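Participant: Sharing structure-v6.tsv (TSV, N, CA and C atoms) below.
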```
chain	number	residue	atom	x	y	z
A	1	SER	N	-1.60	9.55	16.32
A	1	SER	CA	-0.63	8.58	16.82
A	1	SER	C	0.52	8.38	15.84
A	2	CYS	N	0.35	8.77	14.60
A	2	CYS	CA	1.37	8.58	13.56
A	2	CYS	C	1.87	7.14	13.51
A	3	GLY	N	0.98	6.21	13.75
A	3	GLY	CA	1.34	4.80	13.66
A	3	GLY	C	1.97	4.23	14.91
A	4	ASP	N	2.01	4.99	15.99
A	4	ASP	CA	2.60	4.52	17.25
A	4	ASP	C	1.51	3.87	18.10
A	5	PRO	N	1.53	2.55	18.22
A	5	PRO	CA	0.49	1.88	19.01
A	5	PRO	C	0.58	2.18	20.50
A	6	ARG	N	1.68	2.77	20.97
A	6	ARG	CA	1.84	3.09	22.40
A	6	ARG	C	1.66	4.59	22.66
A	7	ALA	N	1.12	5.31	21.68
A	7	ALA	CA	0.92	6.75	21.83
A	7	ALA	C	-0.01	7.04	23.00
A	8	LEU	N	0.32	8.11	23.70
A	8	LEU	CA	-0.50	8.56	24.83
A	8	LEU	C	-0.58	10.09	24.74
A	9	SER	N	-1.79	10.61	24.61
A	9	SER	CA	-1.95	12.06	24.50
A	9	SER	C	-1.93	12.70	25.88
A	10	SER	N	-1.79	14.02	25.89
A	10	SER	CA	-1.81	14.74	27.17
A	10	SER	C	-3.18	14.64	27.84
A	11	ALA	N	-4.23	14.35	27.06
A	11	ALA	CA	-5.58	14.19	27.61
A	11	ALA	C	-5.83	12.77	28.12
A	12	GLY	N	-4.89	11.85	27.82
A	12	GLY	CA	-5.03	10.47	28.27
A	12	GLY	C	-5.49	9.50	27.21
A	13	ALA	N	-5.71	9.98	25.98
A	13	ALA	CA	-6.11	9.09	24.88
A	13	ALA	C	-4.96	8.16	24.54
A	14	LYS	N	-5.30	6.90	24.24
A	14	LYS	CA	-4.27	5.87	24.08
A	14	LYS	C	-4.32	5.20	22.72
A	15	GLY	N	-3.13	4.82	22.24
A	15	GLY	CA	-3.00	3.93	21.09
A	15	GLY	C	-3.20	4.58	19.74
A	16	LEU	N	-3.33	3.71	18.73
A	16	LEU	CA	-3.42	4.15	17.34
A	16	LEU	C	-4.59	5.07	17.08
A	17	PHE	N	-5.73	4.78	17.67
A	17	PHE	CA	-6.94	5.56	17.43
A	17	PHE	C	-7.15	6.64	18.48
A	18	GLN	N	-6.20	6.77	19.40
A	18	GLN	CA	-6.28	7.77	20.46
A	18	GLN	C	-7.63	7.70	21.18
A	19	VAL	N	-7.89	6.55	21.78
A	19	VAL	CA	-9.15	6.26	22.46
A	19	VAL	C	-9.00	6.57	23.95
A	20	MET	N	-10.00	7.21	24.51
A	20	MET	CA	-9.98	7.54	25.93
A	20	MET	C	-10.15	6.26	26.76
A	21	PRO	N	-9.53	6.22	27.93
A	21	PRO	CA	-9.53	5.01	28.76
A	21	PRO	C	-10.91	4.45	29.10
A	22	PHE	N	-11.90	5.32	29.27
A	22	PHE	CA	-13.22	4.84	29.68
A	22	PHE	C	-13.96	4.06	28.58
A	23	HIS	N	-13.40	4.01	27.37
A	23	HIS	CA	-14.01	3.21	26.30
A	23	HIS	C	-13.55	1.75	26.31
A	24	PHE	N	-12.60	1.45	27.16
A	24	PHE	CA	-12.07	0.08	27.22
A	24	PHE	C	-12.71	-0.70	28.35
A	25	HIS	N	-12.76	-2.01	28.19
A	25	HIS	CA	-13.18	-2.90	29.27
A	25	HIS	C	-11.98	-3.17	30.15
A	26	ALA	N	-12.21	-3.60	31.37
A	26	ALA	CA	-11.13	-3.84	32.33
A	26	ALA	C	-10.11	-4.85	31.80
A	27	VAL	N	-10.53	-5.81	31.01
A	27	VAL	CA	-9.63	-6.85	30.50
A	27	VAL	C	-8.91	-6.44	29.22
A	28	ASP	N	-9.28	-5.28	28.65
A	28	ASP	CA	-8.68	-4.83	27.38
A	28	ASP	C	-7.26	-4.32	27.58
A	29	ASP	N	-6.44	-4.55	26.56
A	29	ASP	CA	-5.14	-3.89	26.47
A	29	ASP	C	-5.33	-2.73	25.51
A	30	PRO	N	-5.40	-1.50	26.01
A	30	PRO	CA	-5.68	-0.36	25.14
A	30	PRO	C	-4.60	-0.11	24.09
A	31	TYR	N	-3.42	-0.69	24.29
A	31	TYR	CA	-2.34	-0.50	23.34
A	31	TYR	C	-2.27	-1.61	22.29
A	32	SER	N	-3.13	-2.61	22.40
A	32	SER	CA	-3.24	-3.63	21.36
A	32	SER	C	-3.87	-2.98	20.14
A	33	PRO	N	-3.20	-2.99	18.99
A	33	PRO	CA	-3.77	-2.33	17.81
A	33	PRO	C	-5.17	-2.80	17.46
A	34	SER	N	-5.43	-4.10	17.55
A	34	SER	CA	-6.76	-4.57	17.17
A	34	SER	C	-7.81	-4.14	18.19
A	35	THR	N	-7.49	-4.19	19.47
A	35	THR	CA	-8.43	-3.75	20.50
A	35	THR	C	-8.67	-2.25	20.38
A	36	ASN	N	-7.61	-1.48	20.21
A	36	ASN	CA	-7.72	-0.04	20.10
A	36	ASN	C	-8.57	0.33	18.88
A	37	ALA	N	-8.34	-0.34	17.76
A	37	ALA	CA	-9.12	-0.07	16.56
A	37	ALA	C	-10.60	-0.42	16.78
A	38	ARG	N	-10.87	-1.56	17.40
A	38	ARG	CA	-12.26	-1.95	17.67
A	38	ARG	C	-12.98	-0.92	18.52
A	39	ARG	N	-12.35	-0.50	19.60
A	39	ARG	CA	-12.99	0.48	20.49
A	39	ARG	C	-13.12	1.85	19.80
A	40	GLY	N	-12.09	2.27	19.08
A	40	GLY	CA	-12.16	3.55	18.38
A	40	GLY	C	-13.22	3.56	17.30
A	41	LEU	N	-13.28	2.49	16.51
A	41	LEU	CA	-14.28	2.44	15.44
A	41	LEU	C	-15.69	2.31	15.99
A	42	ALA	N	-15.85	1.60	17.11
A	42	ALA	CA	-17.18	1.49	17.73
A	42	ALA	C	-17.63	2.87	18.20
A	43	TYR	N	-16.72	3.64	18.79
A	43	TYR	CA	-17.08	4.97	19.24
A	43	TYR	C	-17.39	5.89	18.07
A	44	LEU	N	-16.59	5.80	17.01
A	44	LEU	CA	-16.85	6.60	15.83
A	44	LEU	C	-18.19	6.23	15.20
A	45	ALA	N	-18.52	4.94	15.15
A	45	ALA	CA	-19.81	4.50	14.61
A	45	ALA	C	-20.96	5.06	15.44
A	46	SER	N	-20.81	5.06	16.76
A	46	SER	CA	-21.88	5.60	17.61
A	46	SER	C	-22.00	7.11	17.41
A	47	ALA	N	-20.88	7.79	17.21
A	47	ALA	CA	-20.90	9.23	16.95
A	47	ALA	C	-21.59	9.50	15.61
A	48	LEU	N	-21.30	8.69	14.61
A	48	LEU	CA	-21.91	8.86	13.29
A	48	LEU	C	-23.42	8.64	13.36
A	49	GLU	N	-23.82	7.64	14.13
A	49	GLU	CA	-25.26	7.39	14.30
A	49	GLU	C	-25.93	8.57	15.00
A	50	ARG	N	-25.31	9.02	16.05
A	50	ARG	CA	-25.88	10.15	16.82
A	50	ARG	C	-25.91	11.42	15.99
A	51	ALA	N	-24.95	11.55	15.04
A	51	ALA	CA	-24.87	12.73	14.18
A	51	ALA	C	-25.78	12.60	12.96
A	52	GLY	N	-26.61	11.57	12.92
A	52	GLY	CA	-27.52	11.40	11.79
A	52	GLY	C	-26.81	11.16	10.48
A	53	GLY	N	-25.62	10.54	10.56
A	53	GLY	CA	-24.86	10.24	9.35
A	53	GLY	C	-23.97	11.35	8.85
A	54	ASP	N	-23.91	12.46	9.56
A	54	ASP	CA	-23.08	13.59	9.15
A	54	ASP	C	-21.64	13.35	9.62
A	55	PRO	N	-20.72	13.07	8.69
A	55	PRO	CA	-19.34	12.74	9.09
A	55	PRO	C	-18.64	13.87	9.84
A	56	ARG	N	-18.94	15.10	9.47
A	56	ARG	CA	-18.30	16.25	10.13
A	56	ARG	C	-18.70	16.31	11.61
A	57	LEU	N	-20.00	16.14	11.89
A	57	LEU	CA	-20.45	16.14	13.28
A	57	LEU	C	-19.93	14.91	14.02
A	58	ALA	N	-19.84	13.78	13.32
A	58	ALA	CA	-19.30	12.57	13.95
A	58	ALA	C	-17.85	12.78	14.36
A	59	LEU	N	-17.07	13.47	13.54
A	59	LEU	CA	-15.69	13.76	13.90
A	59	LEU	C	-15.63	14.66	15.14
A	60	ALA	N	-16.54	15.62	15.21
A	60	ALA	CA	-16.58	16.48	16.40
A	60	ALA	C	-16.89	15.64	17.63
A	61	GLY	N	-17.83	14.72	17.50
A	61	GLY	CA	-18.19	13.85	18.61
A	61	GLY	C	-17.06	12.91	19.00
A	62	TYR	N	-16.33	12.43	18.01
A	62	TYR	CA	-15.21	11.53	18.29
A	62	TYR	C	-14.12	12.27	19.06
A	63	ASN	N	-13.87	13.49	18.67
A	63	ASN	CA	-12.81	14.25	19.30
A	63	ASN	C	-13.21	14.83	20.66
A	64	GLY	N	-14.39	15.41	20.73
A	64	GLY	CA	-14.76	16.14	21.93
A	64	GLY	C	-15.85	15.50	22.78
A	65	GLY	N	-16.31	14.32	22.36
A	65	GLY	CA	-17.39	13.65	23.07
A	65	GLY	C	-18.70	13.84	22.33
A	66	VAL	N	-19.51	12.79	22.31
A	66	VAL	CA	-20.74	12.83	21.52
A	66	VAL	C	-21.72	13.89	22.01
A	67	GLY	N	-21.55	14.38	23.22
A	67	GLY	CA	-22.41	15.45	23.71
A	67	GLY	C	-22.28	16.74	22.91
A	68	LEU	N	-21.17	16.89	22.19
A	68	LEU	CA	-20.97	18.09	21.36
A	68	LEU	C	-21.85	18.10	20.12
A	69	ILE	N	-22.29	16.94	19.69
A	69	ILE	CA	-22.98	16.82	18.41
A	69	ILE	C	-24.21	17.72	18.34
A	70	GLY	N	-24.95	17.84	19.38
A	70	GLY	CA	-26.14	18.67	19.37
A	70	GLY	C	-25.91	20.12	19.73
A	71	ARG	N	-24.67	20.47	20.04
A	71	ARG	CA	-24.36	21.84	20.46
A	71	ARG	C	-23.94	22.71	19.29
A	72	ALA	N	-24.13	23.99	19.43
A	72	ALA	CA	-23.70	24.95	18.41
A	72	ALA	C	-22.18	24.88	18.28
A	73	GLU	N	-21.71	24.99	17.06
A	73	GLU	CA	-20.28	24.85	16.80
A	73	GLU	C	-19.44	25.88	17.55
A	74	TRP	N	-19.96	27.07	17.76
A	74	TRP	CA	-19.17	28.09	18.45
A	74	TRP	C	-18.89	27.71	19.90
A	75	THR	N	-19.62	26.71	20.43
A	75	THR	CA	-19.38	26.27	21.81
A	75	THR	C	-18.34	25.15	21.89
A	76	TRP	N	-17.93	24.61	20.75
A	76	TRP	CA	-16.96	23.52	20.76
A	76	TRP	C	-15.59	24.02	21.22
A	77	PRO	N	-14.83	23.16	21.89
A	77	PRO	CA	-13.45	23.53	22.24
A	77	PRO	C	-12.63	23.77	20.98
A	78	SER	N	-11.61	24.60	21.09
A	78	SER	CA	-10.79	24.93	19.92
A	78	SER	C	-10.14	23.68	19.32
A	79	GLU	N	-9.75	22.72	20.15
A	79	GLU	CA	-9.15	21.49	19.62
A	79	GLU	C	-10.13	20.75	18.71
A	80	THR	N	-11.40	20.70	19.12
A	80	THR	CA	-12.42	20.03	18.32
A	80	THR	C	-12.66	20.79	17.02
A	81	LYS	N	-12.68	22.10	17.08
A	81	LYS	CA	-12.85	22.90	15.86
A	81	LYS	C	-11.72	22.62	14.88
A	82	ARG	N	-10.48	22.53	15.38
A	82	ARG	CA	-9.33	22.22	14.52
A	82	ARG	C	-9.45	20.81	13.94
A	83	TYR	N	-9.86	19.86	14.79
A	83	TYR	CA	-10.01	18.46	14.36
A	83	TYR	C	-10.99	18.36	13.20
A	84	VAL	N	-12.11	19.06	13.32
A	84	VAL	CA	-13.14	19.04	12.27
A	84	VAL	C	-12.68	19.83	11.05
A	85	TYR	N	-12.02	20.95	11.28
A	85	TYR	CA	-11.52	21.78	10.18
A	85	TYR	C	-10.62	20.96	9.26
A	86	PHE	N	-9.74	20.18	9.83
A	86	PHE	CA	-8.85	19.36	9.02
A	86	PHE	C	-9.49	18.04	8.63
A	87	GLY	N	-10.12	17.38	9.59
A	87	GLY	CA	-10.64	16.03	9.36
A	87	GLY	C	-11.77	15.96	8.36
A	88	GLY	N	-12.69	16.92	8.38
A	88	GLY	CA	-13.82	16.89	7.46
A	88	GLY	C	-13.37	16.89	6.00
A	89	PRO	N	-12.57	17.85	5.58
A	89	PRO	CA	-12.10	17.87	4.19
A	89	PRO	C	-11.19	16.69	3.84
A	90	ILE	N	-10.39	16.23	4.78
A	90	ILE	CA	-9.55	15.06	4.52
A	90	ILE	C	-10.43	13.85	4.23
A	91	TYR	N	-11.48	13.70	5.03
A	91	TYR	CA	-12.44	12.61	4.80
A	91	TYR	C	-13.08	12.74	3.42
A	92	GLU	N	-13.53	13.94	3.08
A	92	GLU	CA	-14.18	14.15	1.79
A	92	GLU	C	-13.23	13.88	0.63
A	93	ASP	N	-11.95	14.26	0.77
A	93	ASP	CA	-10.96	13.98	-0.26
A	93	ASP	C	-10.78	12.47	-0.43
A	94	ALA	N	-10.70	11.76	0.68
A	94	ALA	CA	-10.55	10.30	0.61
A	94	ALA	C	-11.80	9.67	0.00
A	95	ARG	N	-12.95	10.15	0.40
A	95	ARG	CA	-14.21	9.62	-0.13
A	95	ARG	C	-14.31	9.83	-1.64
A	96	ALA	N	-13.76	10.94	-2.12
A	96	ALA	CA	-13.77	11.25	-3.55
A	96	ALA	C	-12.70	10.47	-4.31
A	97	GLY	N	-11.87	9.73	-3.58
A	97	GLY	CA	-10.83	8.93	-4.22
A	97	GLY	C	-9.61	9.72	-4.65
A	98	LEU	N	-9.44	10.90	-4.08
A	98	LEU	CA	-8.28	11.72	-4.44
A	98	LEU	C	-7.00	11.11	-3.89
A	99	ALA	N	-5.95	11.19	-4.67
A	99	ALA	CA	-4.66	10.63	-4.26
A	99	ALA	C	-3.94	11.56	-3.28
A	100	THR	N	-4.29	12.83	-3.28
A	100	THR	CA	-3.67	13.78	-2.36
A	100	THR	C	-4.76	14.64	-1.73
A	101	SER	N	-4.41	15.27	-0.64
A	101	SER	CA	-5.35	16.14	0.07
A	101	SER	C	-4.62	17.39	0.52
A	102	GLY	N	-5.08	18.52	0.07
A	102	GLY	CA	-4.49	19.78	0.51
A	102	GLY	C	-4.61	19.98	2.00
A	103	ASN	N	-5.77	19.58	2.57
A	103	ASN	CA	-5.95	19.72	4.01
A	103	ASN	C	-5.04	18.78	4.79
A	104	LEU	N	-4.82	17.58	4.27
A	104	LEU	CA	-3.90	16.65	4.93
A	104	LEU	C	-2.49	17.24	4.92
A	105	ASN	N	-2.09	17.79	3.79
A	105	ASN	CA	-0.76	18.42	3.71
A	105	ASN	C	-0.65	19.59	4.67
A	106	GLU	N	-1.71	20.41	4.73
A	106	GLU	CA	-1.70	21.56	5.65
A	106	GLU	C	-1.60	21.08	7.10
A	107	TRP	N	-2.42	20.07	7.46
A	107	TRP	CA	-2.37	19.52	8.82
A	107	TRP	C	-0.97	18.99	9.13
A	108	PHE	N	-0.40	18.23	8.19
A	108	PHE	CA	0.91	17.64	8.42
A	108	PHE	C	1.96	18.72	8.64
A	109	ASN	N	1.93	19.75	7.82
A	109	ASN	CA	2.92	20.83	7.96
A	109	ASN	C	2.76	21.60	9.27
A	110	LYS	N	1.51	21.79	9.72
A	110	LYS	CA	1.28	22.55	10.96
A	110	LYS	C	1.46	21.71	12.22
A	111	TYR	N	1.03	20.46	12.19
A	111	TYR	CA	0.97	19.65	13.40
A	111	TYR	C	1.59	18.27	13.25
A	112	GLY	N	1.33	17.64	12.14
A	112	GLY	CA	1.68	16.23	11.97
A	112	GLY	C	3.16	15.93	11.95
A	113	ALA	N	3.94	16.79	11.32
A	113	ALA	CA	5.37	16.50	11.19
A	113	ALA	C	6.02	16.34	12.56
A	114	SER	N	5.71	17.23	13.48
A	114	SER	CA	6.33	17.12	14.81
A	114	SER	C	5.79	15.91	15.56
A	115	LEU	N	4.49	15.63	15.43
A	115	LEU	CA	3.92	14.45	16.08
A	115	LEU	C	4.55	13.17	15.53
A	116	CYS	N	4.74	13.13	14.23
A	116	CYS	CA	5.31	11.93	13.62
A	116	CYS	C	6.80	11.78	13.94
A	117	ARG	N	7.51	12.89	14.11
A	117	ARG	CA	8.91	12.80	14.56
A	117	ARG	C	8.97	12.21	15.96
A	118	GLN	N	8.07	12.64	16.83
A	118	GLN	CA	8.02	12.09	18.19
A	118	GLN	C	7.71	10.59	18.15
A	119	ALA	N	6.76	10.20	17.32
A	119	ALA	CA	6.41	8.78	17.21
A	119	ALA	C	7.59	7.98	16.68
A	120	ALA	N	8.28	8.50	15.68
A	120	ALA	CA	9.43	7.80	15.12
A	120	ALA	C	10.52	7.61	16.18
A	121	GLN	N	10.73	8.63	17.02
A	121	GLN	CA	11.72	8.51	18.08
A	121	GLN	C	11.30	7.43	19.08
A	122	ARG	N	10.03	7.41	19.48
A	122	ARG	CA	9.55	6.40	20.43
A	122	ARG	C	9.67	4.99	19.84
A	123	LEU	N	9.44	4.89	18.53
A	123	LEU	CA	9.47	3.58	17.87
A	123	LEU	C	10.89	3.19	17.44
A	124	GLY	N	11.83	4.11	17.60
A	124	GLY	CA	13.21	3.82	17.20
A	124	GLY	C	13.41	3.78	15.70
A	125	LEU	N	12.65	4.57	14.97
A	125	LEU	CA	12.75	4.63	13.51
A	125	LEU	C	13.67	5.77	13.10
A	126	PRO	N	14.32	5.64	11.95
A	126	PRO	CA	15.20	6.73	11.50
A	126	PRO	C	14.44	7.98	11.11
```
Translate the structure described by the file into structure tokens.

Facilitator:
Amino acid sequence: SCGDPRALSSAGAKGLFQVMPFHFHAVDDPYSPSTNARRGLAYLASALERAGGDPRLALAGYNGGVGLIGRAEWTWPSETKRYVYFGGPIYEDARAGLATSGNLNEWFNKYGASLCRQAAQRLGLP
């Protein structure tokens, strides 16, 4: 989302945490940052539990659905493989307290820069 609380993916994921619509209650505003964060973190927590505490598998479940957690990695969609390829090492770098992450830089150069330019345009930022 690059900080855009109104982000909407081509798959229908909404808001800062890019949460799918079926994770919200009927009364929820999916674009409310606090609601979006609550629903996204709850889903990530359930993925982490289902993954037996393995953050890499939890990321796969967050991206592609928790049903992927028990499946062989070669069966995962390419988007999920990319998500885990970048997200796993970024998480480990953050966990280690590193100030920079080579994987974060690689992700940003390949994908993030264009996504963040789009978000800046939507938000009216320079």

Participant: Would you please work out which residue, of A:Ala99, A:Leu125, A:Ala42, A:Leu59, is nearest to Gly87 of chain A when using all atoms listed in the file?

Facilitator: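 Among the listed residues, the smallest separation from Gly87 of chain A belongs to A:Leu59.
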
Participant: So that I can see what lies close to Leu41 of chain A, please list as a list of chain:residue names the residues with an atom at most 12 Å from it, counting only C-alpha atoms and leaving out residues fewer than 2 positions away in the same chain.

Facilitator: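 What passes the distance filter is A:Leu16, A:Phe17, A:Gln18, A:Val19, A:His23, A:Pro33, A:Ser34, A:Thr35, A:Asn36, A:Ala37, A:Arg38, A:Arg39, A:Tyr43, A:Leu44, A:Ala45, A:Ser46, A:Ala47, A:Leu48, A:Ala58, A:Leu59, A:Tyr62.
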
Participant: Measure the distance from atom CA of Thr100 of chain A to atom CA of Gly40 of chain A in Å and round it to one decimal.

Facilitator: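 Separation of atom CA of Thr100 of chain A and atom CA of Gly40 of chain A: 24.6 Å.
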
Participant: If you run DSSP over the backbone, which residues in chain A end up alpha helix (DSSP H)? Put them as a PyMOL selection string.

Facilitator: chain A and resi 33-50+55-64+78-95+102-107+113-123

Participant: Just give me the gap between atom CA of Ile69 of chain A and atom CA of Ala96 of chain A in Å, one decimal is fine.

Facilitator: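 Between these atoms lies a distance of 24.5 Å.
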
Participant: So that I can check the surroundings of Lys81 of chain A, please list as a ChimeraX atom specification every protein, DNA and RNA residue that reaches within 8 Å of it, counting only C-alpha atoms and ignoring chain neighbours fewer than 5 positions away.

Facilitator: /A:60,73,76

Participant: Could you check how far atom CA of Ala119 of chain A sits from atom CA of Asp4 of chain A, in Å to one decimal?

Facilitator: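 Atom CA of Asp4 of chain A lies at a distance of 5.7 Å from atom CA of Ala119 of chain A.
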
Participant: Around (-9.8, 19.2, -1.8) in the file's own coordinates, what residues are found within 6.5 Å if you use only N, CA and C atoms, given back as a PyMOL selection string?

Facilitator: chain A and resi 89+93+101-103

Participant: Put the listed atoms of segment 28-31 of chain A in a box along x, y and z with 5 Å added on every side and give me the centre and edge lengths in Å to one decimal, as JSON.

Facilitator:
```
{"center_x": -5.8, "center_y": -2.7, "center_z": 25.5, "size_x": 17.0, "size_y": 15.2, "size_z": 16.4}
```
